[in-house]
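Reading through the structure tokens given below for one structure.
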Amino acid sequence: MIQPLAVSMGDPAGIGPEIIAKAWERRATRGLPPFFAVGDARAVAKIWQGPVSVIRDPAEAAGAFDAGLPVLGVADGGEITPGSPDVEGARCALRALEMSVGLVQSGAAGALVTGPVSKAQLYQIGFSHPGQTEFVAERCGIAGENAVMMLAGPGLRVVPITTHVPLASVAGLLSIELIAAKGRATARGLARNFGILNPRLAFAGFNPHAGESGKIGREEIDLIVPAIELLRGEGINASGPFAADTMFHDRARDGYDAALCCYHDQALIPIKTLYFDDGVNITLGLPIVRTSPDHGTAFGIAGKDVAEPGAMIAALAMAGEAATRRAARA
């Protein structure tokens with residue numbers, strides 16, 4: 001039995017508090033493992049009338065879970081107004097994230113689930129990471145190229161080899177070493193977190209039609225093919241590069257366990273098109289399990305009781321399953 005999951009609440013003015021509370025409401029019907037929220041309990045009270053169990057120690061979470069949503073207070077979020085983010089809320093979100101990572105690293109929590117944050121607000125308080133994935137990796141002592149952001153839905157898993165960078169910069173950032181490192185981390189992560197012991201990795205080409213043998217670009221020839229050959233030499237089942245526009249229909253998806261894509265939108269457009277309401281962001285390559293709903297703060301609907309909790313529910317379920325699988329192999 002794993003420890004309860006730590007769920008950092010995210011920006012208190014966003015939909016994070018609402019989707020966490022709604023996930024707790026559906027805990028029994030969805031078979032969710034015990035979890036507790038980390039953040040300002042007032043953010044939950046602003047948008048939800050259900051029971052809250054304020055706890056002072058993660059060890060109290062399991063016993064309190066059925067009585068109310070357990071909330072571990074971490075910081076004062078200032079004047080919380082759903083839909084109106086500010087720097088005080090960003091400070092609260094960052095402290096909640098920091099505490100949650102530490103609790104999982106120490107073994108006080110079984111896995112980390114992160115609520116959506118506003119990077120625009122975080123940047124105003126000195127946050128220097130591209131996103132929560134990179135922050136968590138750094139706190140875990142993992143180099144950026146060895147931490148992989150995977151987006152997963154019921155029938156598709158995708159990995160962007162480059163993430164939050166301008167599209168014009170992607171070609172210059174791609175390298176044989178980077179592509180191979182992401183492939184290795186993906187293969188290990190599929191085995192550790194999903195129990196897929198011989199994962200099949202499919203690599204998307206960078207150029208239209210995967211470059212057409214160099215006629216419309218050489219990134220496939222010079223970078224992606226050598227990286228695939230390197231991975232194959234290490235015993236990893238890697239294939240490609242494939243034209244990205246034909247990789248994501250039903251029959252194509254049956255041929256691989258994860259698709260590795262060269263840039264952000266090449267990976268995220270198909271996953272969000274297919275699984276907008278239940279896509280999960282899981283970070284591979286970490287010593288801890290970390291997942292997150294694959295959506296943002298949605299300030300425009302915060303506080304209106306219309307936020308769909310499907311992605312948070314899926315993130316909690318995936319985190320619990322991955323942590324249990326890791327514990328069984330330890």
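A note on labels: chains of the structure tokens are A, B, ... as shown, every chain counts residues from 1, and ligands are counted from 1 in their shown order.
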
So which residues touch segment 279-296 of chain A within 9 Å, counting only C-alpha atoms, skipping near sequence neighbours fewer than 5 positions away, as a count of residues only? 54

Enumerate as a ChimeraX atom specification all residues of segment 80-237 of chain A assigned to helix (DSSP H, G or I) by DSSP on the backbone, naming them with the chain letters and numbers the document uses. /A:87-106,119-124,132-139,144-146,167-173,176-194,208-211,219-233

Run DSSP on the backbone of this structure and report the residues of segment 10-219 of chain A it assigns to strand (DSSP E), as a ChimeraX atom specification. /A:35-39,52-55,69-73,112-114,148-153,156-160,200-204

If you keep N, CA, C and O atoms, can you produce a file of those selected residues as a compact mmCIF listing (two decimals), in the first residue's frame?
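After the write, out_23.txt holds the following:
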# COMPACT_ATOMS: atom_id res chain seq x y z
N PHE A 35 -5.61 10.79 -1.39
CA PHE A 35 -4.73 11.90 -1.73
C PHE A 35 -5.05 13.08 -0.83
O PHE A 35 -6.09 13.12 -0.17
N PHE A 36 -4.15 14.05 -0.79
CA PHE A 36 -4.40 15.28 -0.06
C PHE A 36 -3.89 16.46 -0.88
O PHE A 36 -2.92 16.34 -1.64
N ALA A 37 -4.61 17.57 -0.77
CA ALA A 37 -4.22 18.79 -1.48
C ALA A 37 -3.24 19.58 -0.63
O ALA A 37 -3.30 19.56 0.59
N VAL A 38 -2.33 20.26 -1.30
CA VAL A 38 -1.35 21.12 -0.62
C VAL A 38 -1.55 22.54 -1.15
O VAL A 38 -1.43 22.79 -2.35
N GLY A 39 -1.88 23.45 -0.26
CA GLY A 39 -2.13 24.83 -0.67
C GLY A 39 -2.95 25.56 0.37
O GLY A 39 -2.97 25.18 1.55
N VAL A 52 -14.09 19.71 4.05
CA VAL A 52 -12.63 19.80 3.99
C VAL A 52 -12.07 19.32 5.31
O VAL A 52 -12.55 19.71 6.39
N SER A 53 -11.07 18.45 5.25
CA SER A 53 -10.37 17.99 6.45
C SER A 53 -8.99 18.65 6.48
O SER A 53 -8.09 18.23 5.74
N VAL A 54 -8.85 19.69 7.26
CA VAL A 54 -7.56 20.37 7.36
C VAL A 54 -6.61 19.49 8.17
O VAL A 54 -6.94 19.08 9.29
N ILE A 55 -5.47 19.16 7.59
CA ILE A 55 -4.49 18.30 8.26
C ILE A 55 -3.19 19.07 8.48
O ILE A 55 -2.92 20.05 7.79
N LEU A 69 -12.16 16.31 1.96
CA LEU A 69 -10.95 16.49 1.18
C LEU A 69 -9.82 16.94 2.10
O LEU A 69 -9.88 18.04 2.67
N PRO A 70 -8.77 16.14 2.30
CA PRO A 70 -7.68 16.57 3.17
C PRO A 70 -6.88 17.69 2.51
O PRO A 70 -6.52 17.60 1.33
N VAL A 71 -6.63 18.77 3.25
CA VAL A 71 -5.84 19.90 2.75
C VAL A 71 -4.74 20.20 3.74
O VAL A 71 -5.01 20.45 4.93
N LEU A 72 -3.51 20.16 3.28
CA LEU A 72 -2.35 20.53 4.08
C LEU A 72 -1.99 21.97 3.75
O LEU A 72 -1.57 22.28 2.63
N GLY A 73 -2.19 22.87 4.70
CA GLY A 73 -1.92 24.28 4.47
C GLY A 73 -0.43 24.55 4.36
O GLY A 73 0.36 24.02 5.13
N LEU A 112 3.44 12.51 -6.70
CA LEU A 112 3.14 13.94 -6.85
C LEU A 112 2.19 14.16 -8.02
O LEU A 112 2.43 13.66 -9.13
N VAL A 113 1.11 14.89 -7.76
CA VAL A 113 0.21 15.35 -8.82
C VAL A 113 0.19 16.87 -8.73
O VAL A 113 -0.07 17.42 -7.66
N THR A 114 0.47 17.55 -9.83
CA THR A 114 0.57 19.01 -9.80
C THR A 114 -0.63 19.65 -10.47
O THR A 114 -0.99 19.31 -11.60
N VAL A 148 11.68 13.49 -19.11
CA VAL A 148 10.85 13.48 -20.32
C VAL A 148 9.41 13.82 -19.96
O VAL A 148 8.82 13.22 -19.06
N MET A 149 8.85 14.79 -20.67
CA MET A 149 7.44 15.13 -20.53
C MET A 149 6.64 14.25 -21.48
O MET A 149 6.74 14.41 -22.70
N MET A 150 5.88 13.33 -20.92
CA MET A 150 5.01 12.49 -21.74
C MET A 150 3.56 12.90 -21.50
O MET A 150 3.14 13.10 -20.36
N LEU A 151 2.80 13.01 -22.57
CA LEU A 151 1.36 13.27 -22.49
C LEU A 151 0.67 11.98 -22.86
O LEU A 151 0.97 11.37 -23.89
N ALA A 152 -0.24 11.53 -21.99
CA ALA A 152 -0.83 10.21 -22.16
C ALA A 152 -2.34 10.27 -22.08
O ALA A 152 -2.91 10.94 -21.19
N GLY A 153 -3.01 9.57 -22.99
CA GLY A 153 -4.44 9.37 -22.96
C GLY A 153 -4.72 7.88 -23.06
O GLY A 153 -3.79 7.08 -23.15
N LEU A 156 -3.14 6.81 -26.58
CA LEU A 156 -2.00 7.48 -27.21
C LEU A 156 -1.08 8.04 -26.13
O LEU A 156 -1.54 8.60 -25.14
N ARG A 157 0.23 7.86 -26.34
CA ARG A 157 1.25 8.49 -25.51
C ARG A 157 2.21 9.22 -26.44
O ARG A 157 2.69 8.63 -27.42
N VAL A 158 2.49 10.48 -26.14
CA VAL A 158 3.40 11.26 -26.97
C VAL A 158 4.45 11.94 -26.11
O VAL A 158 4.21 12.28 -24.96
N VAL A 159 5.64 12.13 -26.70
CA VAL A 159 6.75 12.81 -26.02
C VAL A 159 7.28 13.88 -26.95
O VAL A 159 7.74 13.57 -28.06
N PRO A 160 7.24 15.15 -26.56
CA PRO A 160 7.92 16.19 -27.34
C PRO A 160 9.41 16.21 -26.99
O PRO A 160 9.78 16.35 -25.82
N ARG A 200 7.68 -0.09 -27.68
CA ARG A 200 7.90 0.25 -29.08
C ARG A 200 7.84 1.76 -29.22
O ARG A 200 6.80 2.37 -28.95
N LEU A 201 8.95 2.36 -29.64
CA LEU A 201 9.02 3.81 -29.81
C LEU A 201 8.98 4.16 -31.29
O LEU A 201 9.75 3.62 -32.09
N ALA A 202 8.09 5.09 -31.66
CA ALA A 202 8.00 5.56 -33.03
C ALA A 202 8.41 7.03 -33.06
O ALA A 202 7.87 7.84 -32.29
N PHE A 203 9.33 7.38 -33.93
CA PHE A 203 9.83 8.75 -34.02
C PHE A 203 9.21 9.47 -35.22
O PHE A 203 9.20 8.94 -36.34
N ALA A 204 8.71 10.66 -34.97
CA ALA A 204 8.17 11.49 -36.04
C ALA A 204 9.31 12.23 -36.74
O ALA A 204 10.30 12.61 -36.11

Do you know which residues are at most 8 Å from Ala307 of chain A counting only C-alpha atoms, after dropping those on the same chain fewer than 3 positions away, and could you put them as a list in words? Ile15, Glu18, Ile19, Ile301, Ala302 and Lys304 of chain A

If you measure from atom CA of Arg30 of chain A to atom CA of Arg251 of chain A, what distance in Å do you get, rounded to one decimal? 29.1 Å

Considering only C-alpha atoms, state which residue in the set A:Gln124, A:Gln266, A:Asn237, A:Gln132 is at the smallest distance from Ala96 of chain A. A:Gln132

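When only C-alpha atoms are used to compute distances to Arg42 of chain A, the closest of the residues A:Ile80, A:Ala23, A:Ala62, A:Ala6 turns out to be A:Ile80.
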
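Taking atom CA of Asp278 of chain A as the reference point, atom CA of Leu94 of chain A is found at 24.5 Å.
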
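Minimum atom-to-atom distance to Phe242 of chain A, evaluated using only C-alpha atoms, belongs to A:Glu212 out of A:Asp222, A:Asp254, A:Asp277, A:Glu212.
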
Which polymer residues have any atom within 9 Å of an atom of His209 of chain A, counting only C-alpha atoms, with same-chain residues fewer than 3 positions away left out, as a count of residues only? 9
